[in-house]
Amino acid sequence: MNQGPNVYVERALKKEAETVKELPLPEQIEILKANIEAIPKIVTIDPIVALKIIKHARENFPRQVSGQLFGLSLNGAVEISNCFHSPAYLDDNEEEKFQIEMINFMQEVNMESSIIGWYTSSRISNFFQKSVVESQLSYQDSPTSSAITLLYDPERSEQGTLSLRAFRLSDKFLELKNKNNITTLDLIASEISYKDIFTELPLSIKNSSLTSVLVKEMQSGRINCHDCSVSGTSDQVLQKKAQALLENSYYSGRNYLKSKSIDINNGLSSVAEEINSSANVGNNISMPNGSQTDFLDLPNNDLLSLQPLSSLEKSMEQMIYAIDDYIQDANTWMYWKRGVAKEQGRKQAYVARKVLENTNRESINLPPLPIETEQELDSMFKVLPEPSRLDAMLNISKLQNLSKQTTQLSGPAVTRLYGAFAVQDQ
Amino acid sequence: MSLTLNLSGLPTSPEFQKSIKESQKVFVYPSVVFSVIDHYLKRNNKQDRVIGTLLGVRKPESNVVEIKSCFPVPHFETDTHVEVDMEYHRIFYAAMKRTHPNEEIIGWYATGGSIGNHSSLIQEFYANEAGALGAVHMIVDTSLESKSLKIQVFSDLSFGSPFEQAGGCIFSPLRYELIYPEAEKNLLQLLSSDSGNSSLSTENTSNLSNENPLFAKSAQGSTIPFISDIEQLESVIKSLIEMIERVSEYIQNVIDDKVEPDPIIGNYLIDMLASVPKIESETFETLFQSHLQNLLMVIYLSNLTRAQINIANRLHHLN
């Protein structure tokens, strides 16, 4: 993954080197340096961005959501510090108005207000689509622009792994963008492969000191005030943790455990459970006893559960669809190729007939008939334009990403399986 | 001047208000606290505290308030004077309403260790906005005055005579709970791996940090890279092994009479051991084998697909 951006930078370097060849050397270096630095190589996001995207995506699940990212790009590092969701069902005009309004608001409270890209929530299989490419193109109009697309997969994230990835269009693809119909010849000329439509950038989260304090406090459970007293002492917290453990114990129905401990009326837990279950997208994988604790339980032990294979099933299903599409596309292309060959054959037959006729006429001393020029022939035998290869390319990228994801999912699944084996062995 | 309490209209009497508010439950989503911190970090120069509007959902039947999101509101205050940009609040709320139509005004937040000077005035404004059920006030101690990032949630009990405009209110603390849905939990886990796994994060960024000061680990915080499924699983298994080691150490100590045995822990351990389902070893073997074979098949097929498309791509660029 680390290799991707480097290759990307190298290519951009070469390209820039060609454009500034005429200038004197020091200036060349200067320009190159500035340009190379401007190309994003790494993306950092603020936790608040991730949290806002997660919330927006969950509340609208399964509808796809999108929104704007705000931040700045400096020396190849893109920092996304804020985001705002676009309202659904707006026409372009209204949306633009909304955006300008939002930007003004952001400025008033010192929020970052320059747009640096956009985010969308969808499965990886829905990401490789013409519409996504077009939206990204509208942000990333030059090779040095630093627009980013963040892709958030709500389904996978609710099942154990936070899936948030940063993409931008590769410069190879940007060269092709002006053609509305990409043909095979174009593809060969640009040496673009299915892997090069999008470049994935390494993504990391930037934690400020205050937010890391917050996370630590959440983990310790000190932050909740059940009994309305000011944050509990460490003894109280320990007691609460023990209590939570007992409440979630396997035989929590049997009261002998509870009676031994101090009875803390945990009336909140049932309501919290309800909210928690309504908050989760993947309801089917909730914990058996509805383990609601009043502290952040880390690390997330749900990861050890053998269940989350449903996503594997889904991605396999998607893969089958993608392969079907691929075959269909190959068939259309073959059909087109046959059509072209047929027309070509007819053209040649026509010319051959003319030539034969002329030799016949020559033998009986008649002037030869004029043979049409290439252009006239072309207009007589219309060759259909080649179907755009873009869709096929996107489909292959999708397939590639899906199979990668499948491997990524099944790796841990095998490990978990062996874990279960170890437990049974004893 | 004597203070008269009007008890005639019972529903508005303090006792009644109190009884409602004591049973009120507040649930806070983690993103709200993060937003407040974010707002605080971006405050103006010489500004002591920031305030904003809390949005969320009320469920009157179970007396539950969920605080789901919030937005900042600019304000200006001195010792004697406070101004809140109400226009800003209204327009921003309307904008929020377009994307989250079911969220309404719940109350307001402020930063600081205790309730600020003009809070009752601001509370009055939000009580009007929030409607019949009253406004909730949340304060987050972002300046760590109490040596911790204390979060407090209050509701107001208004007092004063109905004939006088200048009443006041008492802030009474409410019980609240932070809730962690699955996706947020994953994110927070990533954030918490910051200190524990710092070697991992520095390793990945170190080659960049030499040339770019932005990546350098500074006192302002640190960057944590996203990790893959298998790495996450690894960390969980590691912590599991650690837990098992801790437990066996405890048991060994109990056996050696070094530690006083605790019946609660004992019972809990029995529970845990009993939670392992008993399966016939033969049945388990067949289950295990078939499941494993399925998985391996899936891996094989997906790799095959990838190989195929790679070949197709090579063919494409052959001529």
# chains A, B, ... in the order shown; residues from 1 in each chain; ligands from 1
$ interface_residues --of "chain A" --to "chain B" --cutoff "6 Å" --atoms "only C-alpha atoms" --output "PyMOL selection string"
chain A and resi 48+51+87+110+157-158+162+188+204-209+224+226+228+250+400+403+407+412
$ residues_around --residues "Trp118 in chain A" --least-positions-apart "4" --cutoff "6 Å" --atoms "only C-alpha atoms" --output "PyMOL selection string"
chain A and resi 67-69+149
$ residues_around --residues "Ala392 in chain A" --least-positions-apart "3" --cutoff "10 Å" --atoms "only C-alpha atoms" --output "ChimeraX atom specification"
/A:194,325-330,333,387-389,395-398
$ write_last_selection --atoms "N, CA and C atoms" --output "CSV table (one decimal), in the first residue's frame"
chain,number,residue,atom,x,y,z
A,194,TYR,N,-6.3,-1.5,-14.8
A,194,TYR,CA,-7.5,-1.4,-13.9
A,194,TYR,C,-7.1,-0.9,-12.5
A,325,ASP,N,-21.2,-9.3,-14.9
A,325,ASP,CA,-21.1,-8.1,-15.6
A,325,ASP,C,-19.9,-8.1,-16.6
A,326,TYR,N,-18.8,-8.7,-16.0
A,326,TYR,CA,-17.6,-8.7,-16.8
A,326,TYR,C,-17.8,-9.6,-18.1
A,327,ILE,N,-18.5,-10.7,-17.9
A,327,ILE,CA,-18.7,-11.6,-19.0
A,327,ILE,C,-19.7,-10.9,-20.0
A,328,GLN,N,-20.7,-10.3,-19.5
A,328,GLN,CA,-21.6,-9.6,-20.4
A,328,GLN,C,-20.9,-8.5,-21.2
A,329,ASP,N,-20.0,-7.8,-20.5
A,329,ASP,CA,-19.3,-6.7,-21.2
A,329,ASP,C,-18.4,-7.3,-22.3
A,330,ALA,N,-17.7,-8.4,-21.9
A,330,ALA,CA,-16.9,-9.1,-22.9
A,330,ALA,C,-17.7,-9.5,-24.1
A,333,TRP,N,-18.5,-6.5,-26.3
A,333,TRP,CA,-17.3,-6.1,-27.0
A,333,TRP,C,-17.0,-7.0,-28.2
A,387,PRO,N,-17.8,0.5,-27.9
A,387,PRO,CA,-18.4,0.8,-26.6
A,387,PRO,C,-17.3,1.2,-25.6
A,388,SER,N,-17.7,2.2,-24.7
A,388,SER,CA,-16.7,2.8,-23.8
A,388,SER,C,-16.1,1.7,-22.9
A,389,ARG,N,-14.8,1.8,-22.8
A,389,ARG,CA,-14.1,0.8,-22.0
A,389,ARG,C,-14.1,1.2,-20.5
A,395,ASN,N,-15.4,-2.0,-13.6
A,395,ASN,CA,-15.9,-3.3,-13.2
A,395,ASN,C,-14.8,-4.2,-12.8
A,396,ILE,N,-13.7,-4.1,-13.5
A,396,ILE,CA,-12.5,-5.0,-13.2
A,396,ILE,C,-11.9,-4.5,-11.9
A,397,SER,N,-11.8,-3.2,-11.7
A,397,SER,CA,-11.3,-2.6,-10.5
A,397,SER,C,-12.1,-3.1,-9.3
A,398,LYS,N,-13.4,-3.1,-9.5
A,398,LYS,CA,-14.3,-3.5,-8.5
A,398,LYS,C,-14.1,-4.9,-8.1
$ select_by_dssp --residues "range 1-121 of chain B" --states "helix (DSSP H, G or I)" --output "VMD selection string"
chain B and resid 10 to 12 14 to 23 30 to 41 86 to 99 119 to 121
$ residues_around --residues "Ser121 in chain A" --least-positions-apart "3" --cutoff "8 Å" --atoms "only C-alpha atoms" --output "list in words"
Ala57, Gln64, Val65, Ser66, Leu151, Tyr152, Asp153 and Pro154 of chain A
$ residues_around --residues "Ile115 in chain B" --least-positions-apart "5" --cutoff "10 Å" --atoms "only C-alpha atoms" --output "list of chain:residue names"
B:Ala110, B:Ser120, B:His137, B:Met138, B:Ile139, B:Val140, B:Gln152, B:Phe154, B:Phe171
$ atom_distance --atom1 "CA of Thr406 in chain A" --atom2 "CA of Leu394 in chain A"
18.1 Å
